[in-house]
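Source file: final.txt; contents: compact mmCIF, C-alpha atoms and all ligand atoms.
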```txt
# COMPACT_ATOMS: atom_id res chain seq x y z
CA MET A 1 21.17 2.71 0.99
CA THR A 2 18.33 5.12 0.24
CA TRP A 3 15.10 3.63 -1.16
CA PRO A 4 14.08 6.08 -3.89
CA ALA A 5 10.41 6.85 -4.58
CA THR A 6 9.43 8.91 -7.62
CA VAL A 7 5.84 10.10 -8.04
CA LEU A 8 4.50 11.35 -11.37
CA THR A 9 1.53 13.59 -10.66
CA LEU A 10 -0.45 16.66 -11.63
CA TYR A 11 -0.48 17.62 -7.92
CA PRO A 12 3.12 17.54 -6.63
CA GLU A 13 2.07 19.72 -3.68
CA MET A 14 0.23 16.69 -2.24
CA PHE A 15 3.62 15.09 -1.41
CA PRO A 16 5.06 14.17 1.03
CA GLY A 17 1.81 15.19 2.77
CA PRO A 18 1.19 12.78 5.65
CA LEU A 19 4.44 10.94 4.82
CA GLY A 20 6.32 13.98 6.17
CA SER A 21 5.17 13.07 9.73
CA SER A 22 5.80 10.28 12.20
CA LEU A 23 7.77 7.17 11.19
CA ALA A 24 7.86 7.88 7.46
CA GLY A 25 8.75 11.54 8.00
CA ARG A 26 11.67 10.71 10.28
CA ALA A 27 12.88 8.07 7.82
CA LEU A 28 12.64 10.63 4.99
CA GLU A 29 14.69 13.13 6.97
CA GLY A 30 17.15 10.40 7.91
CA GLY A 31 17.71 9.40 4.28
CA ILE A 32 16.27 5.87 4.61
CA TRP A 33 14.05 6.74 1.67
CA SER A 34 13.84 9.70 -0.73
CA LEU A 35 10.91 11.26 -2.52
CA GLU A 36 10.97 13.04 -5.88
CA THR A 37 7.86 14.39 -7.55
CA VAL A 38 7.70 14.77 -11.31
CA HIS A 39 5.10 17.23 -12.57
CA ILE A 40 3.32 15.59 -15.51
CA ARG A 41 2.36 19.00 -16.92
CA ASP A 42 6.05 19.78 -17.48
CA PHE A 43 5.93 17.21 -20.30
CA ALA A 44 3.01 18.80 -22.17
CA THR A 45 4.01 20.20 -25.53
CA ASP A 46 1.20 22.54 -26.65
CA LYS A 47 0.83 26.14 -25.61
CA HIS A 48 -2.02 25.30 -23.20
CA ARG A 49 0.17 22.61 -21.55
CA SER A 50 -2.72 20.18 -21.88
CA VAL A 51 -2.43 16.72 -20.34
CA ASP A 52 -5.92 15.38 -21.09
CA ASP A 53 -8.50 15.20 -23.83
CA THR A 54 -12.08 14.02 -24.39
CA PRO A 55 -12.75 10.26 -24.37
CA ALA A 56 -12.81 8.44 -27.72
CA GLY A 57 -16.29 7.02 -28.18
CA GLY A 58 -17.85 9.77 -26.09
CA GLY A 59 -18.88 9.86 -22.46
CA ALA A 60 -18.22 11.97 -19.41
CA GLY A 61 -14.96 13.52 -18.27
CA MET A 62 -11.48 13.58 -19.70
CA VAL A 63 -8.74 11.00 -20.35
CA MET A 64 -5.02 11.44 -19.62
CA ARG A 65 -3.05 11.60 -22.88
CA ALA A 66 -0.68 8.72 -23.70
CA ASP A 67 1.85 10.95 -25.47
CA VAL A 68 2.32 13.37 -22.57
CA LEU A 69 2.39 10.58 -19.98
CA ALA A 70 4.88 8.55 -22.05
CA SER A 71 7.32 11.49 -22.07
CA ALA A 72 7.07 11.79 -18.28
CA VAL A 73 7.34 8.01 -17.78
CA ASP A 74 10.34 7.75 -20.15
CA ASP A 75 12.13 10.51 -18.28
CA VAL A 76 11.72 8.61 -14.99
CA LEU A 77 12.50 5.16 -16.48
CA THR A 78 15.74 6.57 -17.90
CA ARG A 79 16.81 8.08 -14.61
CA ARG A 80 15.53 5.23 -12.40
CA PRO A 81 15.69 2.09 -14.55
CA GLU A 82 15.92 -0.22 -11.53
CA ALA A 83 12.64 0.93 -9.91
CA PRO A 84 9.40 -0.74 -11.09
CA MET A 85 6.90 1.72 -12.60
CA LEU A 86 3.40 1.40 -11.13
CA ALA A 87 0.24 3.31 -12.03
CA MET A 88 -2.44 3.89 -9.40
CA THR A 89 -5.84 3.19 -10.92
CA PRO A 90 -9.03 1.43 -9.77
CA ARG A 91 -8.55 -0.81 -12.85
CA GLY A 92 -5.32 -2.22 -11.40
CA ALA A 93 -4.55 -5.46 -9.58
CA PRO A 94 -5.35 -5.19 -5.85
CA LEU A 95 -2.43 -4.14 -3.66
CA THR A 96 -1.44 -6.89 -1.20
CA GLN A 97 0.99 -7.13 1.70
CA ALA A 98 3.03 -9.58 -0.39
CA MET A 99 3.42 -6.90 -3.09
CA VAL A 100 4.31 -4.32 -0.44
CA ARG A 101 7.02 -6.63 0.96
CA GLU A 102 8.46 -7.25 -2.49
CA LEU A 103 8.52 -3.53 -3.34
CA SER A 104 10.12 -2.50 -0.06
CA ALA A 105 12.80 -5.20 -0.48
CA GLY A 106 13.55 -3.84 -3.97
CA LEU A 107 15.39 -0.85 -5.37
CA GLY A 108 12.64 1.75 -4.94
CA VAL A 109 9.43 2.49 -6.80
CA SER A 110 8.07 4.93 -9.37
CA ILE A 111 4.35 5.68 -9.29
CA LEU A 112 2.19 7.31 -11.93
CA CYS A 113 -0.93 8.88 -10.43
CA GLY A 114 -4.03 8.69 -12.61
CA ARG A 115 -6.60 11.51 -12.64
CA PHE A 116 -9.83 12.25 -14.49
CA GLU A 117 -11.68 9.28 -16.03
CA GLY A 118 -8.44 7.37 -16.54
CA ILE A 119 -5.31 6.88 -18.61
CA ASP A 120 -5.20 6.19 -22.36
CA GLU A 121 -4.91 2.38 -22.45
CA ARG A 122 -2.20 2.46 -25.13
CA LEU A 123 0.26 3.72 -22.51
CA PHE A 124 0.01 0.35 -20.69
CA GLU A 125 0.59 -1.51 -23.96
CA ALA A 126 3.62 0.57 -24.87
CA ARG A 127 5.48 0.90 -21.56
CA PRO A 128 6.32 -1.52 -18.69
CA ILE A 129 3.78 -0.12 -16.23
CA VAL A 130 1.97 -2.20 -13.58
CA PRO A 131 -1.55 -0.93 -12.80
CA VAL A 132 -2.34 -1.17 -9.07
CA SER A 133 -5.56 -0.51 -7.12
CA ILE A 134 -5.78 0.00 -3.35
CA GLY A 135 -9.37 -1.21 -3.16
CA ASP A 136 -12.78 -1.43 -4.74
CA TYR A 137 -13.80 2.21 -4.40
CA ILE A 138 -13.11 5.30 -6.47
CA LEU A 139 -10.78 8.03 -5.21
CA SER A 140 -10.61 11.39 -6.93
CA GLY A 141 -7.13 10.52 -8.16
CA GLY A 142 -4.17 8.20 -7.71
CA GLU A 143 -2.29 10.48 -5.30
CA MET A 144 -3.95 9.22 -2.09
CA ALA A 145 -3.46 5.67 -3.35
CA ALA A 146 0.24 6.39 -3.97
CA LEU A 147 0.59 7.82 -0.46
CA THR A 148 -1.02 4.67 0.93
CA LEU A 149 1.26 2.36 -1.02
CA LEU A 150 4.35 4.35 -0.05
CA ASP A 151 3.37 4.34 3.63
CA ALA A 152 2.96 0.56 3.56
CA CYS A 153 6.39 0.12 1.90
CA VAL A 154 8.37 2.67 3.89
CA ARG A 155 7.42 1.26 7.30
CA LEU A 156 9.03 -2.05 6.27
CA LEU A 157 12.37 -0.50 5.26
CA PRO A 158 15.22 -1.51 7.57
CA GLY A 159 15.53 0.95 10.45
CA VAL A 160 12.06 2.51 10.12
CA MET A 161 10.05 0.48 12.64
CA GLY A 162 12.90 -0.07 15.06
CA ALA A 163 11.87 -2.15 18.07
CA ALA A 164 8.53 -3.04 16.48
CA LEU A 165 10.53 -5.49 14.31
CA SER A 166 9.25 -6.09 10.80
CA GLY A 167 5.64 -6.71 11.62
CA GLU A 168 5.74 -10.43 10.93
CA ASP A 169 2.74 -11.09 13.20
CA GLU A 170 0.58 -8.43 11.62
CA SER A 171 -2.65 -8.86 9.72
CA PHE A 172 -2.15 -10.45 6.26
CA GLU A 173 1.44 -11.57 6.95
CA THR A 174 0.05 -14.97 7.95
CA GLY A 175 -2.84 -14.83 5.50
CA LEU A 176 -5.15 -13.97 8.42
CA LEU A 177 -6.24 -10.91 10.31
CA GLU A 178 -4.13 -10.28 13.37
CA TYR A 179 -5.39 -11.22 16.86
CA PRO A 180 -6.98 -8.41 18.97
CA HIS A 181 -4.92 -6.23 21.31
CA TYR A 182 -5.51 -5.04 24.89
CA THR A 183 -3.67 -2.79 27.34
CA ARG A 184 -4.21 -1.30 30.80
CA PRO A 185 -6.45 -0.53 32.60
CA VAL A 186 -7.25 -4.17 33.32
CA ILE A 187 -10.93 -3.30 33.76
CA TRP A 188 -12.44 -0.58 31.60
CA GLU A 189 -16.18 0.18 31.71
CA GLY A 190 -16.65 -3.20 33.39
CA ARG A 191 -14.78 -5.11 30.66
CA ARG A 192 -11.77 -7.21 31.68
CA ILE A 193 -8.73 -8.00 29.59
CA PRO A 194 -9.00 -11.74 28.74
CA GLU A 195 -7.46 -13.60 31.71
CA VAL A 196 -5.17 -15.74 29.55
CA LEU A 197 -3.27 -12.61 28.42
CA ARG A 198 -2.38 -11.88 32.05
CA SER A 199 -1.38 -15.47 32.88
CA GLY A 200 2.27 -15.20 31.82
CA ASP A 201 1.89 -18.60 30.08
CA HIS A 202 3.40 -17.84 26.67
CA ALA A 203 2.32 -21.08 25.01
CA LYS A 204 -1.27 -20.56 26.14
CA ILE A 205 -1.19 -16.93 25.00
CA ALA A 206 0.13 -17.94 21.58
CA ALA A 207 -2.61 -20.58 21.23
CA TRP A 208 -5.32 -18.10 22.26
CA ARG A 209 -4.06 -15.50 19.77
CA LYS A 210 -3.93 -18.04 16.97
CA ALA A 211 -7.50 -19.17 17.67
CA ARG A 212 -8.81 -15.57 17.84
CA ALA A 213 -7.01 -14.65 14.61
CA ALA A 214 -8.68 -17.60 12.89
CA GLU A 215 -12.11 -16.88 14.38
CA ASP A 216 -12.07 -13.15 13.58
CA THR A 217 -10.85 -13.83 10.06
CA ARG A 218 -13.71 -16.29 9.49
CA LEU A 219 -16.26 -13.77 10.76
CA ARG A 220 -14.91 -10.59 9.15
CA ARG A 221 -13.01 -11.76 6.09
CA PRO A 222 -14.41 -15.05 4.78
CA ASP A 223 -12.73 -14.13 1.47
CA LEU A 224 -9.31 -14.53 3.14
CA VAL A 225 -10.27 -17.92 4.57
CA GLU A 226 -11.39 -18.94 1.09
CA ARG A 227 -8.08 -17.85 -0.39
CA HIS A 228 -5.76 -19.27 2.26
CA GLY A 229 -7.69 -22.28 3.44
CA ASP A 230 -8.95 -22.97 6.95
CA ALA A 231 -6.50 -21.24 9.28
CA ARG A 232 -6.60 -24.10 11.78
CA ARG A 233 -5.29 -26.54 9.21
CA PRO A 234 -1.55 -26.60 8.57
CA PRO A 235 -0.73 -24.23 5.68
CA PRO A 236 0.26 -25.58 2.27
CA SER A 237 4.05 -25.71 1.84
CA GLY A 238 5.53 -22.36 0.90
CA ALA A 239 2.85 -20.37 2.72
CA ARG A 240 4.00 -18.04 5.48
CA HIS A 241 2.82 -19.54 8.76
CA GLU A 242 5.65 -19.28 11.24
CA ASP A 243 3.55 -19.86 14.35
N1 LIG A 301 -7.53 6.07 -8.28
C1 LIG A 301 -8.84 6.22 -8.04
N2 LIG A 301 -9.31 5.21 -7.27
C2 LIG A 301 -8.25 4.40 -7.01
C3 LIG A 301 -8.09 3.20 -6.30
N3 LIG A 301 -9.11 2.60 -5.67
N4 LIG A 301 -6.87 2.63 -6.27
C4 LIG A 301 -5.83 3.20 -6.92
N5 LIG A 301 -5.92 4.33 -7.61
C5 LIG A 301 -7.12 4.93 -7.66
```
Target encoding C-alpha cells, full file:
Amino acid sequence: MTWPATVLTLYPEMFPGPLGSSLAGRALEGGIWSLETVHIRDFATDKHRSVDDTPAGGGAGMVMRADVLASAVDDVLTRRPEAPMLAMTPRGAPLTQAMVRELSAGLGVSILCGRFEGIDERLFEARPIVPVSIGDYILSGGEMAALTLLDACVRLLPGVMGAALSGEDESFETGLLEYPHYTRPVIWEGRRIPEVLRSGDHAKIAAWRKARAAEDTRLRRPDLVERHGDARRPPPSGARHED
C-alpha cells in the first residue's frame, strides 16, 4: 500500500528535491510512498492572490492568513481524511523518533509549511493541525523541515531500507545515541579499530557497544540521559531497550 504524503506550500518546486534521490527516490518511483504538493496560493481569493498580511499589533514581516490556509487545509483534509495534518513551525513540539515511527506506521501525512513570521494562530484553534518543530533554530520556511520529516518517515516504510532492517539499533531508538562505527583499513593514520570489534566475540562486542553508547550519550547529550534515566540501569517498563 502506498504511504501518501501531501505538502501544502508556497514553493511546490522545492519537492521532492533531495527526496527524489537515493533510498527515498527509489521508493517514490517504486510506489512505496507518493508525494502531492498543494500550492497554497491557488486558494487565495483576491485579485492579487495574496496569502499573507501585516501582523496585528505591529512588528516586522508578514503573517500567513488563516482564511486562505483554511481553504487549502480543508481541501486536503477532505481528500485525505486519514492522514494527520502537521504544520512545520519553530513554535511546534519537537520532532522525535517516536513520532517518526508512529507517522510512518500510519496512513500517510499531510504537512503545512509555514513561511514569513508565522501562521495566524486562529488556524490552529479552528482545524486539527499539529504544530511540529525540527529543532531550536529558525529556518527560512517549513519546507526544509517538511523534507526532513518526510525523509525520516520514508526510510522506515516497509521495503525502503531493505537489508538494513528497520534501524532498531540506531540513535534514539533506545533512548541513547548509537555506538560508534568503524570499518577497514584496520589502521588508519596510526589509529586502530578497537580490538574487541575484531575479536569475533559477539557478547563482548554487544557489551562494548552498550557501554560506549551510554558513555557518549552522557558526554554529548546529557539531556537524553536526564530524560531516559541512567542508561546502565535497567529501563522502566514499557521503554524500548531490547539489548
Ligand atoms: N520553520 C522555520 N524554522 C523551523 C523549525 N525549526 N522547525 C520547523 N519548521 C520551521
Item to complete: Residues within 8 Å of ligand LIG 301 (chain A) should be enumerated using only C-alpha atoms and all ligand atoms and returned as a list in words.
Response: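 Using only C-alpha atoms and all ligand atoms, I find these residues within 8 Å of ligand LIG 301 (chain A): Ala87, Met88, Thr89, Pro90, Arg91, Gly92, Pro94, Cys113, Gly114, Arg115, Val132, Ser133, Ile134, Gly135, Asp136, Tyr137, Ile138, Leu139, Ser140, Gly141, Gly142, Glu143, Met144, Ala145 and Ala146 of chain A.
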Worksheet item: Skipping near chain neighbours, those fewer than 6 positions away, what residues fall within 8 Å of Leu107 in chain A using all atoms listed in the file, listed as number ranges by chain?
Response: A: 3-4, 82-83
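Coordinates place CA of Asp151 in chain A at a distance of 6.8 Å from CA of Leu19 in chain A.
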Discussion item. I need every residue sitting at most 12 Å from the point (11.0, 7.1, -20.2) (coordinates as in the file, all atoms listed in the file considered), written as a count of residues only.
Written reply: 24
Discussion item. Within 9 Å of (5.1, 19.3, -10.8) (file coordinates; all atoms listed in the file), which protein or nucleic acid residues are there? I'd like them as a ChimeraX atom specification.
Written reply: /A:8-13,37-42
Item to complete: Between CA of Ala207 in chain A and CA of Glu189 in chain A, measure the distance and give it in Å to one decimal.
Response: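 Computing it gives 26.9 Å between the two atoms.
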